[in-house]
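**Q** Supplied in structure tokens, the structure appears directly below.
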Amino acid sequence: MKKESPKQVPKKAPNAKKNNNSFYTFLILVLLAGAAFSFFSPYGAGQQTQEISVTELVKRFNETPPSLVKIEFDGNIVYADTGSGAKIKAVLPPGTTAADLNMVNNANGIPVSGRDKRVENFVAGFISALGPILIVFILILFVMRQAQGNANSAFTFGQSKAKLHDKERNQTNFKDVAGSDEAKEDLLDIVDFLKNPKKYLKMGAKIPKGVLLYGPPGTGKTLLARAVAGEADVPFFTISGSEFVEMFVGVGASRVRDLFKKAKRSAPAIVFIDEIDAVGRQRGAGVGGGHDEREQTLNQILTEMDGFEMDTNIIVMASTNRPDVLDPALLRPGRFDRRVLIDRPNLKEREEILQVHARKKPLEKDVDFASLSKKLPGFTGADIENLLNEAAILAAKRGLKLISNSEITEAFEKVALGPQKKSSRLSDYEKKLTAYHELGHAVVGHMLPHCDPVHKVSVISRGMALGVTWFIPDEDVHLQSKAKFLNEIASLLGGRAAEEIFYGAENVTTGASNDLERASEIARKMVTAYGMSDAIGGVVLETHKNVFLGRDMGETRGFSEQTAQKVDEEVRRILDETYAQTRAIITKHKKLMDVMAKDLLATEELSEEQFAQYFIDAGIEVPKKTGNAA
């Protein structure tokens, strides 16, 4: 038996109000035109004619030769045309017709037209008399409608702009969200609580007041919120934090009250505030005092979440990329009871995300998601979606029916490194110097055990870089060792060392500026933040960077000038020692780099396998990659 689908209530089109206003405007214009026409019509204005008696009119009608050329009856008024342009008229007694005057048929052949229009004439006269009044009335009505519209806008200014989630149109479930298994488990508890509250109430458990989803951008916080809306069979209100804050103080607090009033009428319900840091920033921080409107809005949110009212059965969900800037009152128990971290996906989760986003894309059978996910450390769900979308765009541009590994690889390089700058034309000298520079990075990294494997070496310009040396780890890394930091610094300095060895110290270029900046930053963090210096010891000297300007201005440095000098000396020592190690490696493999540079200039790119083959052919023993392990 076929199950009938529930009848859907037709929704009003978003532009229905606009169409109604256009219709009313058109109607008013038509009425104005009609009133003006009636006001200026011949009935009301009359014609400039000479009035004569009925007897005179009958006499002229019967004259021979006739002095009239045309007769027209208009109700009880008879108009006559003399043929010379002048017109005359006569007013008939009530009830008199053309037959009574013997003016129907005549020997002179004067045409007689018209009929008894006394009723129509009365209506026309009535409209003509009321024409000016009608015009004024319509104008007053139009002005009143405009004023009423503005008044309604003023009254609705403080109402919430939250949208009620449409489950029929925006159906998203947890099965549509790959990865984030721990986060989904926490959120499933919320859904189960809303569906089966008695099971928890029997144990004395209280429904959580708030759930905060936090993590890097693009990890799927809003997507998980939509999945909760799809799983929970309760009303789901969504609003952005920025929609609360207006120019006028008190409007945001009014909108918060209105939002929770609507949610309470639909309880149990879920309220989702996206980017809550727009309104929930810490109060009393920064130069020049606080922001009255934002702080009042935040105070109202705090009161609604955990004020005097109890058992409201409303769960507030929120998302943010910056939980560190939120006010402590928001994060205390009773407000946001649960904080769910939505982190970057690991290797297994990246593969699952690839499969989810590839559902509606035609792929070649040889596309390997497992190997592709290994190349995407640090990619978020949004990055992976963008990667496959770029691959689909490339395949469509090439007129292909299926997306192959070639398009995915090219899209991967475009997303990770930037598009190729085909219009960039380097001179032979610059291109050759760039080749040695990139090979300096690659050779040093390849010969050090704690550096990531070389994935590709290229002299094709991408983004701001004239060439690229790409290192990709074999596995996800969560901790960094001192040995890995030192090897990474040495690899970063390989480009400058290669320029100096092959072209001389006086010919080094600006190409290593970003490498030097990154190497110096790693060395300074090792000394001041990670406690990886024997001279300084395990002391954290780096002050915490706060987003509020006022606090940075008021903070004092927690170490002396002598310690600062030691820090500078230690950073210099680390850079000097690793640079000496880098120069030694490049000098030892100088001949091999000449061969590699020649081939790199010819092909413009060397893959991981091609690069490793040079060392195998030369019989050079390469240390085994150990990652963070010493």
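The chains in the structure tokens are called A, B, ... from first to last as shown; in each chain the residues are counted from 1, and the ligands are counted from 1 in the order shown.
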Excluding Ile585 in chain A and its own-chain neighbours fewer than 3 positions away, which residues fall within 12 Å of it when counting only C-alpha atoms? Please give them as number ranges by chain.
**A** A: 439-448, 490-491, 493-494, 497-498, 501, 578-582, 588-593, 622
**Q** Can you write out the residues you just picked, keeping N, CA, C and O atoms, as an mmCIF file, in the first residue's frame?
**A**
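Final output, selection_27.cif:
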data_model
loop_
_atom_site.group_PDB
_atom_site.id
_atom_site.type_symbol
_atom_site.label_atom_id
_atom_site.label_comp_id
_atom_site.auth_asym_id
_atom_site.auth_seq_id
_atom_site.Cartn_x
_atom_site.Cartn_y
_atom_site.Cartn_z
ATOM 1 N N LEU A 439 67.109 22.739 -4.999
ATOM 2 C CA LEU A 439 67.821 21.488 -4.746
ATOM 3 C C LEU A 439 68.602 21.548 -3.436
ATOM 4 O O LEU A 439 68.802 20.512 -2.787
ATOM 5 N N GLY A 440 69.016 22.749 -3.019
ATOM 6 C CA GLY A 440 69.673 22.879 -1.720
ATOM 7 C C GLY A 440 68.736 22.465 -0.595
ATOM 8 O O GLY A 440 69.122 21.724 0.326
ATOM 9 N N HIS A 441 67.476 22.941 -0.656
ATOM 10 C CA HIS A 441 66.487 22.511 0.336
ATOM 11 C C HIS A 441 66.305 20.995 0.299
ATOM 12 O O HIS A 441 66.287 20.326 1.338
ATOM 13 N N ALA A 442 66.143 20.456 -0.927
ATOM 14 C CA ALA A 442 65.784 19.051 -1.082
ATOM 15 C C ALA A 442 66.917 18.121 -0.641
ATOM 16 O O ALA A 442 66.686 17.141 0.074
ATOM 17 N N VAL A 443 68.146 18.416 -1.057
ATOM 18 C CA VAL A 443 69.277 17.537 -0.733
ATOM 19 C C VAL A 443 69.528 17.516 0.772
ATOM 20 O O VAL A 443 69.739 16.458 1.379
ATOM 21 N N VAL A 444 69.521 18.679 1.412
ATOM 22 C CA VAL A 444 69.754 18.731 2.854
ATOM 23 C C VAL A 444 68.642 17.983 3.588
ATOM 24 O O VAL A 444 68.903 17.191 4.507
ATOM 25 N N GLY A 445 67.381 18.221 3.195
ATOM 26 C CA GLY A 445 66.277 17.521 3.852
ATOM 27 C C GLY A 445 66.336 16.023 3.634
ATOM 28 O O GLY A 445 65.975 15.240 4.518
ATOM 29 N N HIS A 446 66.785 15.601 2.442
ATOM 30 C CA HIS A 446 66.856 14.173 2.136
ATOM 31 C C HIS A 446 67.949 13.475 2.944
ATOM 32 O O HIS A 446 67.799 12.285 3.273
ATOM 33 N N MET A 447 69.014 14.180 3.274
ATOM 34 C CA MET A 447 70.145 13.582 3.969
ATOM 35 C C MET A 447 70.043 13.692 5.481
ATOM 36 O O MET A 447 70.936 13.225 6.190
ATOM 37 N N LEU A 448 69.008 14.302 5.996
ATOM 38 C CA LEU A 448 68.826 14.409 7.450
ATOM 39 C C LEU A 448 67.690 13.485 7.867
ATOM 40 O O LEU A 448 66.617 13.473 7.239
ATOM 41 N N ALA A 490 67.868 23.357 9.315
ATOM 42 C CA ALA A 490 68.949 23.102 8.361
ATOM 43 C C ALA A 490 68.410 23.032 6.939
ATOM 44 O O ALA A 490 69.007 23.570 5.991
ATOM 45 N N SER A 491 67.262 22.393 6.759
ATOM 46 C CA SER A 491 66.673 22.293 5.429
ATOM 47 C C SER A 491 66.239 23.665 4.917
ATOM 48 O O SER A 491 66.404 23.978 3.729
ATOM 49 N N LEU A 493 67.613 26.486 5.577
ATOM 50 C CA LEU A 493 68.813 27.250 5.225
ATOM 51 C C LEU A 493 69.529 26.676 4.012
ATOM 52 O O LEU A 493 70.518 27.260 3.536
ATOM 53 N N GLY A 494 69.048 25.537 3.481
ATOM 54 C CA GLY A 494 69.719 24.902 2.346
ATOM 55 C C GLY A 494 69.701 25.753 1.096
ATOM 56 O O GLY A 494 70.649 25.723 0.299
ATOM 57 N N ALA A 497 72.415 28.450 1.450
ATOM 58 C CA ALA A 497 73.736 27.817 1.396
ATOM 59 C C ALA A 497 74.073 27.408 -0.032
ATOM 60 O O ALA A 497 75.234 27.560 -0.468
ATOM 61 N N ALA A 498 73.130 26.890 -0.789
ATOM 62 C CA ALA A 498 73.391 26.499 -2.176
ATOM 63 C C ALA A 498 73.742 27.713 -3.030
ATOM 64 O O ALA A 498 74.666 27.651 -3.863
ATOM 65 N N ILE A 501 77.363 28.683 -2.134
ATOM 66 C CA ILE A 501 78.398 27.733 -2.558
ATOM 67 C C ILE A 501 78.562 27.746 -4.078
ATOM 68 O O ILE A 501 79.681 27.728 -4.602
ATOM 69 N N THR A 578 73.494 25.061 12.652
ATOM 70 C CA THR A 578 72.745 24.341 11.618
ATOM 71 C C THR A 578 73.167 24.801 10.221
ATOM 72 O O THR A 578 73.185 23.998 9.280
ATOM 73 N N TYR A 579 73.540 26.067 10.067
ATOM 74 C CA TYR A 579 73.991 26.542 8.754
ATOM 75 C C TYR A 579 75.308 25.881 8.368
ATOM 76 O O TYR A 579 75.520 25.529 7.194
ATOM 77 N N ALA A 580 76.183 25.706 9.342
ATOM 78 C CA ALA A 580 77.456 25.014 9.070
ATOM 79 C C ALA A 580 77.188 23.570 8.651
ATOM 80 O O ALA A 580 77.838 23.039 7.730
ATOM 81 N N GLN A 581 76.228 22.912 9.316
ATOM 82 C CA GLN A 581 75.862 21.555 8.932
ATOM 83 C C GLN A 581 75.289 21.518 7.527
ATOM 84 O O GLN A 581 75.607 20.620 6.729
ATOM 85 N N THR A 582 74.500 22.515 7.183
ATOM 86 C CA THR A 582 73.893 22.594 5.855
ATOM 87 C C THR A 582 74.956 22.766 4.774
ATOM 88 O O THR A 582 74.935 22.099 3.733
ATOM 89 N N LYS A 588 79.476 18.404 0.107
ATOM 90 C CA LYS A 588 79.776 16.987 -0.100
ATOM 91 C C LYS A 588 79.084 16.463 -1.348
ATOM 92 O O LYS A 588 79.612 15.580 -2.041
ATOM 93 N N HIS A 589 77.880 16.959 -1.682
ATOM 94 C CA HIS A 589 77.103 16.447 -2.810
ATOM 95 C C HIS A 589 77.000 17.465 -3.944
ATOM 96 O O HIS A 589 76.023 17.501 -4.696
ATOM 97 N N LYS A 590 78.062 18.260 -4.081
ATOM 98 C CA LYS A 590 78.053 19.322 -5.085
ATOM 99 C C LYS A 590 77.956 18.773 -6.502
ATOM 100 O O LYS A 590 77.199 19.280 -7.337
ATOM 101 N N LYS A 591 78.733 17.721 -6.808
ATOM 102 C CA LYS A 591 78.706 17.159 -8.165
ATOM 103 C C LYS A 591 77.332 16.568 -8.489
ATOM 104 O O LYS A 591 76.835 16.715 -9.618
ATOM 105 N N LEU A 592 76.738 15.875 -7.528
ATOM 106 C CA LEU A 592 75.415 15.299 -7.754
ATOM 107 C C LEU A 592 74.386 16.395 -8.002
ATOM 108 O O LEU A 592 73.503 16.241 -8.860
ATOM 109 N N MET A 593 74.500 17.511 -7.312
ATOM 110 C CA MET A 593 73.547 18.609 -7.502
ATOM 111 C C MET A 593 73.687 19.230 -8.884
ATOM 112 O O MET A 593 72.700 19.715 -9.463
ATOM 113 N N VAL A 622 71.536 6.892 2.137
ATOM 114 C CA VAL A 622 70.648 7.899 2.714
ATOM 115 C C VAL A 622 70.154 7.406 4.067
ATOM 116 O O VAL A 622 69.711 6.254 4.185
#
**Q** Just how far from CA of Asp277 in chain A is CA of Glu293 in chain A, in Å to one decimal?
**A**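 Between these atoms lies a distance of 14.2 Å.
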**Q** Excluding range 198-209 of chain A and its own-chain neighbours fewer than 3 positions away, which residues fall within 12 Å of it when counting only C-alpha atoms? Please give them as a VMD selection string.
**A** chain A and resid 186 to 187 189 to 195 212 268 to 271 301 to 307 310 to 318 330 to 339
**Q** So that I can check the secondary structure, give me every residue of range 320-436 of chain A assigned strand (DSSP E or B) by backbone DSSP, as number ranges by chain.
**A** A: 320, 326, 338-341, 363, 403, 420
**Q** With N, CA and C atoms retained, write the just-selected residues as a compact mmCIF listing (two decimals), in the first residue's frame.
**A**
# COMPACT_ATOMS: atom_id res chain seq x y z
N THR A 320 32.49 28.59 17.30
CA THR A 320 33.48 29.66 17.25
C THR A 320 34.83 29.08 16.86
N LEU A 326 36.38 34.29 24.37
CA LEU A 326 35.04 34.33 24.94
C LEU A 326 35.07 34.73 26.41
N ARG A 338 28.95 21.83 27.91
CA ARG A 338 29.78 20.94 27.11
C ARG A 338 30.55 21.75 26.08
N ARG A 339 31.81 21.42 25.98
CA ARG A 339 32.64 22.04 24.95
C ARG A 339 33.20 20.93 24.08
N VAL A 340 32.85 20.94 22.82
CA VAL A 340 33.20 19.86 21.90
C VAL A 340 34.23 20.39 20.91
N LEU A 341 35.41 19.78 20.92
CA LEU A 341 36.47 20.17 19.99
C LEU A 341 36.25 19.48 18.65
N LEU A 363 34.26 9.39 -10.93
CA LEU A 363 35.69 9.19 -10.77
C LEU A 363 36.15 7.95 -11.53
N ILE A 403 36.76 11.90 -13.66
CA ILE A 403 37.88 12.58 -12.99
C ILE A 403 38.95 11.55 -12.69
N GLN A 420 49.82 27.70 -11.11
CA GLN A 420 51.06 27.95 -11.84
C GLN A 420 51.01 29.33 -12.50
**Q** Provide the CA of Asn321 in chain A to CA of Glu275 in chain A distance in Å, to one decimal place.
**A**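 Between CA of Asn321 in chain A and CA of Glu275 in chain A the gap works out to 7.5 Å.
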**Q** Write down as a ChimeraX atom specification the residues of range 170-393 of chain A whose backbone DSSP state falls under alpha helix (DSSP H).
**A** /A:181-195,197-201,221-231,251-265,292-305,328-331,347-357,369-374,381-393
**Q** Which of these, A:Leu213, A:Leu376, A:Val279, A:Ala416, has the shortest distance to Ser242 in chain A once you count only C-alpha atoms?
**A**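 Of all the options, A:Val279 lies closest to Ser242 in chain A.
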**Q** For Val571 in chain A, please output as a list in words all residues within 8 Å (counting only C-alpha atoms; exclusion window: fewer than 3 positions along the same chain).
**A**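 Non-adjacent residues within range: Ser520, Ala523, Arg524, Val527, Val567, Asp568, Ile574 and Leu575 of chain A.
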